[in-house]
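Enquirer: Here you go, one structure.
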Amino acid sequence: MNTIQPERILKELLRLRDEAAEAGQFTAAVRATELIGKHLSMFVDRVEHKSDSDFATRLMSARRRNHEEGRDP
């Protein structure tokens with residue numbers, strides 16, 4: 001049975017990276033290096049979370065209006 005193993009994939013990526021660099025295909029070489037780095041958790045995707053303090057105030061006001069108008073869920 002031919003199973004996919006991380007070590008085997010990494011070895012293949014290293015080979016492809018080296019061959020691409022030797023052939024002057026630097027985009028492919030960089031991409032292979034990037035995939036190796038991702039596997040090693042060298043790059044972390046960051047998501048910036050911004051809070052909208054005004055949103056909480058508007059939400060509370062809307063809930064208060066709904067309650068006062070008798071539309072409370």
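How things are named: the first chain in the structure tokens is A, the next is B, and so on; residues count from 1 in each chain; ligands count from 1 in the order shown.
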Would you mind writing down, as an mmCIF file with C-alpha atoms, in the first residue's frame, each residue of chain A that DSSP on the backbone assigns to helix (DSSP H, G or I)?

Expert:
```cif
data_model
loop_
_atom_site.group_PDB
_atom_site.id
_atom_site.type_symbol
_atom_site.label_atom_id
_atom_site.label_comp_id
_atom_site.auth_asym_id
_atom_site.auth_seq_id
_atom_site.Cartn_x
_atom_site.Cartn_y
_atom_site.Cartn_z
ATOM 1 C CA PRO A 6 4.909 13.687 5.890
ATOM 2 C CA GLU A 7 8.591 12.767 5.687
ATOM 3 C CA ARG A 8 8.158 11.519 2.142
ATOM 4 C CA ILE A 9 6.311 14.672 1.088
ATOM 5 C CA LEU A 10 8.965 16.888 2.662
ATOM 6 C CA LYS A 11 11.725 14.966 0.921
ATOM 7 C CA GLU A 12 9.903 15.396 -2.398
ATOM 8 C CA LEU A 13 9.398 19.130 -1.799
ATOM 9 C CA LEU A 14 13.089 19.545 -1.017
ATOM 10 C CA ARG A 15 14.012 17.716 -4.227
ATOM 11 C CA LEU A 16 11.597 19.770 -6.305
ATOM 12 C CA ARG A 17 12.818 22.993 -4.704
ATOM 13 C CA ASP A 18 16.422 22.183 -5.536
ATOM 14 C CA GLU A 19 15.607 21.156 -9.111
ATOM 15 C CA ALA A 20 13.509 24.269 -9.671
ATOM 16 C CA ALA A 21 16.258 26.545 -8.340
ATOM 17 C CA GLU A 22 18.859 24.854 -10.542
ATOM 18 C CA PHE A 26 12.646 30.623 -8.678
ATOM 19 C CA THR A 27 8.896 31.050 -8.237
ATOM 20 C CA ALA A 28 8.485 27.280 -7.983
ATOM 21 C CA ALA A 29 11.485 27.033 -5.666
ATOM 22 C CA VAL A 30 10.081 29.699 -3.366
ATOM 23 C CA ARG A 31 6.667 28.004 -3.361
ATOM 24 C CA ALA A 32 8.184 24.666 -2.352
ATOM 25 C CA THR A 33 10.139 26.421 0.397
ATOM 26 C CA GLU A 34 6.935 28.129 1.539
ATOM 27 C CA LEU A 35 5.115 24.784 1.767
ATOM 28 C CA ILE A 36 7.957 23.327 3.819
ATOM 29 C CA GLY A 37 7.834 26.349 6.128
ATOM 30 C CA LYS A 38 4.065 26.010 6.524
ATOM 31 C CA HIS A 39 4.456 22.374 7.465
ATOM 32 C CA SER A 53 -17.547 49.770 21.264
ATOM 33 C CA ASP A 54 -20.228 51.880 19.605
ATOM 34 C CA PHE A 55 -21.823 48.676 18.285
ATOM 35 C CA ALA A 56 -22.530 47.431 21.813
ATOM 36 C CA THR A 57 -24.142 50.754 22.690
ATOM 37 C CA ARG A 58 -26.324 50.694 19.559
ATOM 38 C CA LEU A 59 -27.311 47.083 20.211
ATOM 39 C CA MET A 60 -28.354 47.842 23.782
ATOM 40 C CA SER A 61 -30.371 50.859 22.576
ATOM 41 C CA ALA A 62 -32.156 48.749 19.966
ATOM 42 C CA ARG A 63 -32.976 46.097 22.539
ATOM 43 C CA ARG A 64 -34.288 48.745 24.926
ATOM 44 C CA ARG A 65 -36.506 50.222 22.167
ATOM 45 C CA ASN A 66 -37.842 46.777 21.271
ATOM 46 C CA HIS A 67 -38.605 46.099 24.912
ATOM 47 C CA GLU A 68 -40.373 49.440 25.309
#
```

Enquirer: If you measure from atom CA of A:Phe43 to atom CA of A:Ala23, what distance in Å do you get, rounded to one decimal?

Expert: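 Between atom CA of A:Phe43 and atom CA of A:Ala23 the gap works out to 26.6 Å.
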